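final35.csv follows; it contains CSV, C-alpha atoms.
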chain,number,residue,atom,x,y,z
A,1,MET,CA,4.5,-13.2,-44.6
A,2,ILE,CA,7.5,-14.1,-42.4
A,3,GLU,CA,7.5,-17.6,-43.9
A,4,ASP,CA,7.8,-16.1,-47.4
A,5,GLY,CA,10.7,-13.9,-46.3
A,6,ASP,CA,8.7,-10.7,-46.5
A,7,ALA,CA,9.2,-8.0,-43.9
A,8,LEU,CA,6.3,-7.2,-41.6
A,9,PRO,CA,4.8,-3.8,-42.1
A,10,GLU,CA,5.1,-1.2,-39.4
A,11,PRO,CA,2.1,-1.2,-37.1
A,12,SER,CA,-0.4,1.6,-37.5
A,13,THR,CA,-0.5,4.4,-34.9
A,14,LEU,CA,-3.7,5.4,-33.1
A,15,ASP,CA,-3.8,8.6,-35.1
A,16,GLN,CA,-3.7,6.7,-38.4
A,17,LEU,CA,-6.5,4.5,-37.2
A,18,ALA,CA,-8.5,7.5,-36.1
A,19,ARG,CA,-8.3,8.9,-39.6
A,20,ALA,CA,-9.4,5.7,-41.2
A,21,ALA,CA,-13.0,5.4,-42.4
A,22,ALA,CA,-15.1,3.8,-39.6
A,23,PHE,CA,-18.7,2.9,-39.7
A,24,LEU,CA,-21.2,0.9,-37.6
A,25,VAL,CA,-23.3,-1.9,-38.9
A,26,SER,CA,-26.4,-2.7,-37.1
A,27,ALA,CA,-27.1,-6.4,-36.9
A,28,GLU,CA,-30.3,-8.0,-35.6
A,29,ALA,CA,-30.6,-11.6,-34.6
A,30,PRO,CA,-32.6,-13.5,-37.2
A,31,GLU,CA,-36.2,-14.1,-36.2
A,32,LYS,CA,-37.7,-17.6,-36.2
A,33,THR,CA,-39.5,-18.4,-39.4
A,34,VAL,CA,-43.0,-19.7,-38.9
A,35,ARG,CA,-45.3,-21.5,-41.3
A,36,VAL,CA,-48.9,-20.2,-41.7
A,37,ASN,CA,-52.0,-21.1,-43.7
A,38,ILE,CA,-54.2,-18.4,-45.3
A,39,THR,CA,-57.6,-18.6,-46.8
A,40,ALA,CA,-58.3,-16.7,-50.0
A,41,ARG,CA,-60.3,-17.0,-53.2
A,42,GLU,CA,-58.6,-19.1,-55.9
A,43,SER,CA,-58.5,-16.0,-58.2
A,44,GLN,CA,-56.7,-14.0,-55.5
A,45,ILE,CA,-54.1,-16.8,-55.1
A,46,GLU,CA,-53.6,-16.8,-58.8
A,47,ALA,CA,-53.1,-13.1,-58.8
A,48,ILE,CA,-50.6,-13.3,-56.0
A,49,ASP,CA,-48.7,-16.0,-57.8
A,50,ARG,CA,-48.6,-14.0,-61.1
A,51,LEU,CA,-47.2,-11.0,-59.2
A,52,ALA,CA,-44.7,-13.1,-57.4
A,53,CYS,CA,-43.6,-14.8,-60.6
A,54,LYS,CA,-43.2,-11.4,-62.3
A,55,ALA,CA,-41.1,-10.2,-59.4
A,56,GLY,CA,-39.0,-13.4,-59.4
A,57,MET,CA,-40.2,-14.2,-55.9
A,58,THR,CA,-42.0,-17.0,-54.1
A,59,ARG,CA,-45.6,-16.6,-53.1
A,60,SER,CA,-44.4,-16.3,-49.4
A,61,ALA,CA,-41.7,-13.7,-50.2
A,62,ASN,CA,-44.1,-11.6,-52.2
A,63,LEU,CA,-46.8,-11.6,-49.5
A,64,VAL,CA,-44.3,-10.7,-46.8
A,65,GLN,CA,-42.7,-8.0,-48.9
A,66,SER,CA,-46.1,-6.5,-49.8
A,67,ALA,CA,-47.2,-6.5,-46.1
A,68,VAL,CA,-43.9,-4.9,-44.9
A,69,ARG,CA,-44.0,-2.3,-47.7
A,70,SER,CA,-47.6,-1.5,-46.8
A,71,ASP,CA,-46.7,-1.2,-43.1
A,72,GLU,CA,-43.8,1.1,-43.8
A,73,GLN,CA,-46.1,3.4,-45.8
A,74,GLY,CA,-48.4,3.8,-42.8
A,75,PRO,CA,-52.2,4.0,-42.7
A,76,HIS,CA,-53.9,5.2,-45.9
Would you write out, as structure tokens, the structure that this file holds?
Amino acid sequence: MIEDGDALPEPSTLDQLARAAAFLVSAEAPEKTVRVNITARESQIEAIDRLACKAGMTRSANLVQSAVRSDEQGPH
């Protein structure tokens, strides 16, 4: 700003900052990704792949999302 010949704005007061919208964002360290092998009937893998494709996801992403969603819903 100074290099362009513009004046510096007045600094904000603590009162002005206290009235500003503030929020907290939780951040978790990313977990290590691990590779696993599963055993399933061919027809089950085909069904998983169809569902994943329909959702625009990879097989892995679809399996993980399904497991997490099921876990969040709790026991049946």
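Rounded to one decimal, atom CA of A:Ser66 and atom CA of A:Ala27 lie 23.0 Å from each other.
Among the candidates A:Ala22, A:Val64, A:Ala55, A:Leu8, the one nearest to A:Val36 when counting only C-alpha atoms is A:Val64.
The space separating atom CA of A:Ala61 from atom CA of A:Thr39 comes to 17.0 Å.
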List the neighbours of A:Leu63 out to 10 Å using all atoms listed in the file; skip same-chain residues closer than 6 positions along the sequence, and give me the result as a ChimeraX atom specification.
/A:48-49,51-52,57,69
Between atom CA of A:Ala20 and atom CA of A:Ile2, what is the distance, to one decimal in Å?
26.1 Å
